[in-house]
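Trainee: Submitted below is the structure of interest, expressed as structure tokens.
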Amino acid sequence: MDTDLLQPRQEGLYCPAGDFFIDPMWPVARAVLTHAHGDHARAGSALYHVSEAGRPLFRERLGADANLVEHAYGEPFQVGDTTVSLHPAGHVLGSAQIRIEIPGKVAVVSGDYKRDLDPTCARFTPVPCDIFVTESTFGLPIYRWPPMDRVITDLLVWWDECAARQVPAVLFCYALGKAQRLLAELALRTDRTVHLHGAMLRLVEVYRQAGIAMVPTVSVGESPRGRDFAGELILAPPSAAGSPWMKRFAQASMGFASGWMQVRGARRRRGYDRGFVVSDHADWNGLVRSAQDSGASRIYVTHGDGEALIRYLREAGHDARPLSSLGDAAPRPRMSEEGD
Amino acid sequence: MRRFAQLFVQLDRTTSTLAKRDAMAAYLLDASAADAAWSVYILGGGKLKRTATSTEMRTALAEETGFAAWLIDDCYAQVGDLAETIALMLPDRDDADENAPLRDWMETHLPSLRALASPERVARLRQWWDHLAKDELFLVNKLLTGSLRVGVSQRLVIQAVAEAYALPADLVAHRLGGEWAPSVQGFEALTAPEGVDEDSERPYPFFLASPLERDVSELGEPGAWQAEWKWDGIRAQLIRGHGGCFLWSRGNELLEGRFPEIEQAAMALPDGCALDGEVMAWMADSATPLPFTALQKRINKRTPSARLVSEVPVRFVAYDLLKENGEDLRQQPLYQRRARLEVMLEGADATLGLSEILPATDWADLEAIRTESRARQTEGLMLKRLDAPYRVGRKRGDWWKWKIDPYTVDCVLLYAQPGHGRRSGLFTDYTFGAWDDGRLVPVAKAYSGLDEAEIATLDRWIRANTVERFGPVRSVTPTHVFELAFEAIQLSGRHKSGVALRFPRILRWRTDLSIDDAEHLTDLRQLATG
């Protein structure tokens with residue numbers, strides 16, 4: 001029975017054999033975490049198994065007192081009657097797929113993942129298993145990511161155009177993962193300084209201390225009053241759009257870095273001048289390939305919008321089902337802010 | 001096509017109208033006259049007659065990608081635009097080598113589909129796709145399926161032409177009026193220096209009124225204003241010139257032959273005049289016009305039968321004189337134009353009527369008259385400043401439409417489907433129902449009226465509370481009540497509910513109401529029968 005290994009519950013995905021929860025919504029006795037985004041790492045549980053690589057981010061999220069047990073990627077450890085190990089998911093620094101083994105059966109919970117190279121985290125490795133639980137944030141074939149190199153070229157051209165027009169270039173992106181990835185990708189091409197919104201400073205610092213090479217950054221907040229940001233690139237979280245904080249960037253050209261920017265209407269609706277297609281999630285090809293690579297005899301798909309991926313995999317001969325079919329727990333609320 | 005695609009990308013990548021205008025002006029000076037002409041046509045909202053069906057395009061996409069039809073439909077529902085869905089689903093062509101000029105696409109390639117049988121058309125589409133880079137592929141698909149919609153108004157195109165060729169925008173607008181043809185000659189005529197023979201058969205750009213959103217007393221002295229009914233017909237300019245008569249709609253469409261009684265009556269007008277007014281359906285002996293639904297029977301008939309003409313006769317209700325003896329009167333004050341109009345129409349056939357001036361010495365009089373609007377089949381009042389010139393486009397200040405308050409009704413959300421363009425991927429097109437004998441029956445569709453936050457909330461709720469799917473349409477558990485506004489209601493045999501609402505839109509989300517509080521169809525039918 002798959003339900004020996006995994007059951008969706010109100011608190012999150014539960015493993016009965018190991019008596020632990022994966023990314024629990026509420027405090028529980030034992031948690032295993034996939035990564036440090038706010039909708040996956042929540043404070044209050046008694047014990048957390050996390051990846052060693054993600055330690056500083058989990059500390060940042062869960063607090064100094066949280067009881068963290070760290071594990072190197074690939075290192076097996078016992079939890080209840082299961083043998084668990086964490087494997088790179090390529091989503092953000094320290095993100096992990098969770099491999100759970102009981103005699104005769106292996107399940108892998110992918111968490112959020114991507115297949116593309118990312119200088120800020122270890123690359124996704126396919127982990128053979130019987131049961132594969134995959135995300136499906138971008139589960140339609142309209143979502144195919146362009147090469148990062150091309151996106152960074154577009155970004156630099158935009159920056160130069162803004163400099164030529166003497167206006168600021170404000171790029172909105174999520175503060176954990178996306179911002180650092182962009183700064184690290186830029187560092188491969190330039191050494192120009194980028195300005196940061198206050199909400200990004202801590203997390204960029206955490207990445208720096210973890211040894212991730214990024215372009216130089218300065219805080220917008222520490223600039224003298226009335227500073228002219230014409231020609232500068234500024235990174236800010238999407239929540240800053242339309243806030244009084246934006247007033248200092250008169251005439252700014254505004255961009256958004258997200259997988260959702262693949263669709264023109266999604267960008268126009270939000271009123272951004274520019275959309276840069278950069279995602280920390282797998283695109284359609286990545287999702288399909290990962291399901292195939294897992295060799296799993298059964299594939300469970302999370303999130304409400306995974307219907308197309310499930311049907312596609314079934315038509316291709318896989319046994320794919322919605323994760324909710326494992327139980328009747330209420331679906332997790334959709335997290336729109338960090339979910340890209 | 002590549003250069004035009006670059007322009008499109010430039011326009012798409014900025015929300016600044018000034019930047020858009022400059023990008024267009026630069027393109028116009030750079031492109032060949034033929035390409036420039038087509039770009040003016042396309043960016044101004046013009047489109048080709050459809051040459052491939054969306055089914056053919058989907059078939060070509062399925063053949064090209066190997067994806068099942070249902071998956072293509074799912075993708076389309078998310079993107080909200082078939083042309084873009086195709087561009088996103090096809091593999092990128094780094095080796096794209098197709099670079100025919102825009103003119104070739106518009107005059108040769110795209111029209112060539114018409115002569116083909118459906119399977120050949122599908123094959124031709126696939127052949128094109130194989131040679132087009134992503135942006136151009138998207139554009140070609142857009143041109144196949146309809147207009148571009150890149151946040152550019154015709155007004156902005158006019159400004160770009162004016163900017164590029166140092167011409168007054170009004171002049172460019174006038175030259176573009178009517179059925180301007182995108183050709184080398186058309187572009188040369190559009191951009192010729194001022195003063196060269198202006199075409200006397202074309203309409204001037206229409207002056208459009210703005211809704212009056214403040215108290216009418218804030219307009220100052222009522223004596224400074226001319227009040228008329230706000231007619232619910234087809235806005236049009238009636239022009240006499242070159243020995244003929246030309247009736248133009250606001251969409252710059254020549255309504256030739258559609259309203260023969262007006263054209264016939266207009267021949268009595270002096271040559272070289274242009275009247276602004278409204279085409280109305282109106283029985284000869286009646287004090288009030290027929291409802292808009294009657295006029296609708298005439299609108300789509302290119303050549304009406306004698307029977308239809310006698311059943312639904314039309315007349316031109318004139319309210320302004322823009323040109324007389326070839327002289328442009330638009331800079332003259334309204335009271336002078338009106339006086340000349342009255343002289344011109346003295347003794348004219350009833351088919352050429354004058355829009356009545358409503359007598360009022362104070363605002364209270366007008367408010368009283370306004371309450372009769374519905375009974376007189378009008379939408380309310382128009383207030384025009386007596387000393388104002390006839391302006392271009394929607395300029396606030398001199399012309400106000402003072403519409404009557406709409407009807408309102410509380411209805412229940414029953415179905416939703418994803419929107420298009422800016423609202424793609426979000427459930428924004430709603431169907432609402434009212435009670436009929438214990439069941440909720442659809443009565444209206446509405447697309448507008450909610451703010452972004454409400455749309456997002458409702459979108460999530462719809463996804464979580466879907467009962468059934470019919471293609472892109474989802475039925476939901478009847479839960480939410482919305483207050484809808486509409487302008488008029490008619491009994492209708494074509495609607496399941498038996499009533500047709502005019503201009504329904506959402507006023508507010510009534511979270512304070514439950515579905516039991518929603519309207520009953522019997523009450524709506526009563527309203528329709530008056």
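The way I read the labels, and the way they are meant: chains A, B, ... in the order of the structure tokens, residue 1 as the first residue of every chain, and ligand 1 as the first ligand shown, with later ones counted on from there.
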Write out as CSV a residue-level contact list of chain A versus chain B with cut-off 8 Å: for each qualifying residue the closest pair of atoms and the distance in Å to one decimal, counting only C-alpha atoms, rows sorted by chain and residue number upward.
Mentor:
residue,atom,partner,partner_atom,distance
A:Leu140,CA,B:Cys75,CA,6.3
A:Pro141,CA,B:Met89,CA,6.1
A:Ile142,CA,B:Leu88,CA,5.0
A:Tyr143,CA,B:Leu88,CA,7.4
A:Arg144,CA,B:Leu88,CA,7.9
A:Ser253,CA,B:Thr14,CA,7.8
A:Val263,CA,B:Val79,CA,6.3
A:Arg264,CA,B:Arg422,CA,7.7
A:Gly265,CA,B:Arg422,CA,4.2
A:Ala266,CA,B:Arg422,CA,6.5
A:Arg267,CA,B:Arg422,CA,7.8
A:Arg268,CA,B:Arg422,CA,5.4
A:Arg269,CA,B:Arg422,CA,4.7
A:Gly271,CA,B:Thr15,CA,7.3
A:Tyr272,CA,B:Thr15,CA,7.5
A:Asp273,CA,B:Thr14,CA,4.6
A:Arg274,CA,B:Arg13,CA,5.5
A:Ala308,CA,B:Leu71,CA,6.7
A:Tyr312,CA,B:Leu71,CA,7.9
Trainee: Write out as a PyMOL selection string the set of residues from region 37-248 of chain B that DSSP, computed on the backbone, places in strand (DSSP E or B).
Mentor: chain B and resi 207+210-211+225-231+234-241+244-248
Trainee: For Pro289 (chain B), please output as a compact mmCIF listing (two decimals) with N, CA and C atoms, in the first residue's frame all residues within 7 Å (counting only C-alpha atoms; exclusion window: fewer than 5 positions along the same chain).
Mentor:
# COMPACT_ATOMS: atom_id res chain seq x y z
N MET B 280 -31.37 56.59 -36.09
CA MET B 280 -32.34 56.05 -35.14
C MET B 280 -33.44 55.30 -35.88
N ALA B 281 -33.95 54.24 -35.24
CA ALA B 281 -35.14 53.59 -35.77
C ALA B 281 -36.34 54.36 -35.22
N TRP B 282 -37.25 54.79 -36.14
CA TRP B 282 -38.27 55.73 -35.70
C TRP B 282 -39.48 55.65 -36.63
N MET B 283 -40.64 55.34 -36.10
CA MET B 283 -41.84 55.31 -36.93
C MET B 283 -42.23 56.76 -37.25
N GLN B 377 -37.25 56.40 -24.60
CA GLN B 377 -36.29 55.50 -25.26
C GLN B 377 -34.93 56.16 -25.44
Trainee: Go through A:Val277, A:Ala46, A:Leu5, A:Leu313 and flag the residue nearest Val108 (chain A), using only C-alpha atoms for the distances.
Mentor: A:Leu5
Trainee: With distances taken over only C-alpha atoms, which of A:Thr302, A:Ala320, A:Gly177, A:Leu155 is nearest to Gly12 (chain A)?
Mentor: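 Nearest candidate to Gly12 (chain A) out of A:Thr302, A:Ala320, A:Gly177, A:Leu155: A:Thr302.
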Trainee: Report as a PyMOL selection string all protein, DNA and RNA residues lying within 9 Å of region 178-187 of chain B, evaluated on only C-alpha atoms, omitting residues in the same chain fewer than 6 positions from it.
Mentor: chain B and resi 32-41+103+201-204+248-249+251-254
Trainee: Got a sec to tell me which of region 199-297 of chain B DSSP assigns to alpha helix (DSSP H), as a PyMOL selection string?
Mentor: chain B and resi 260-266+292-297
Trainee: Would you list the contacts of Leu290 (chain B) as a list in words, taking every protein, DNA or RNA residue within 12 Å and counting only C-alpha atoms, but skipping same-chain residues closer than 4 positions in sequence?
Mentor: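 Counting only C-alpha atoms, the residues come to Trp231, Asp232, Gly233, Val279, Met280, Ala281, Trp282, Met283, Ala284, Asp285, Ser286, Ala294, Leu295, Gln296, Lys297, Glu311, Val312, Pro313, Val314, Arg315, Arg374, Ala375, Arg376, Gln377 and Thr378 of chain B.
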Trainee: Near Ile100 (chain A), within 7 Å and counting only C-alpha atoms, which residues show up once chain neighbours fewer than 6 positions away are dropped, as a CSV table (one decimal) with N, CA, C and O atoms, in the first residue's frame?
Mentor:
chain,number,residue,atom,x,y,z
A,82,THR,N,11.8,3.8,8.7
A,82,THR,CA,12.3,4.1,7.4
A,82,THR,C,13.7,4.6,7.3
A,82,THR,O,14.3,5.1,8.3
A,83,THR,N,14.3,4.4,6.1
A,83,THR,CA,15.6,5.0,5.9
A,83,THR,C,15.4,6.1,4.9
A,83,THR,O,14.8,6.0,3.9
A,84,VAL,N,15.9,7.3,5.4
A,84,VAL,CA,15.6,8.5,4.6
A,84,VAL,C,16.9,9.1,4.2
A,84,VAL,O,18.0,8.9,4.8
A,85,SER,N,16.9,9.7,3.0
A,85,SER,CA,18.1,10.5,2.5
A,85,SER,C,17.6,11.7,1.7
A,85,SER,O,16.5,11.6,1.1
A,106,VAL,N,10.6,2.1,-2.4
A,106,VAL,CA,11.2,3.4,-2.3
A,106,VAL,C,10.3,4.5,-2.8
A,106,VAL,O,9.7,4.4,-3.9
A,107,ALA,N,10.1,5.6,-2.0
A,107,ALA,CA,9.4,6.7,-2.5
A,107,ALA,C,10.3,7.9,-2.5
A,107,ALA,O,11.2,8.0,-1.7
A,108,VAL,N,10.1,8.8,-3.5
A,108,VAL,CA,10.8,10.1,-3.6
A,108,VAL,C,9.8,11.2,-3.7
A,108,VAL,O,9.0,11.2,-4.5
Trainee: Applying 9 Å and only C-alpha atoms, which residues near region 162-172 of chain A remain after dropping the ones on its own chain fewer than 2 positions away? List them as an NGL selection string.
Mentor: :A and (157-160 or 174-175 or 179 or 228-241 or 249-258 or 274)
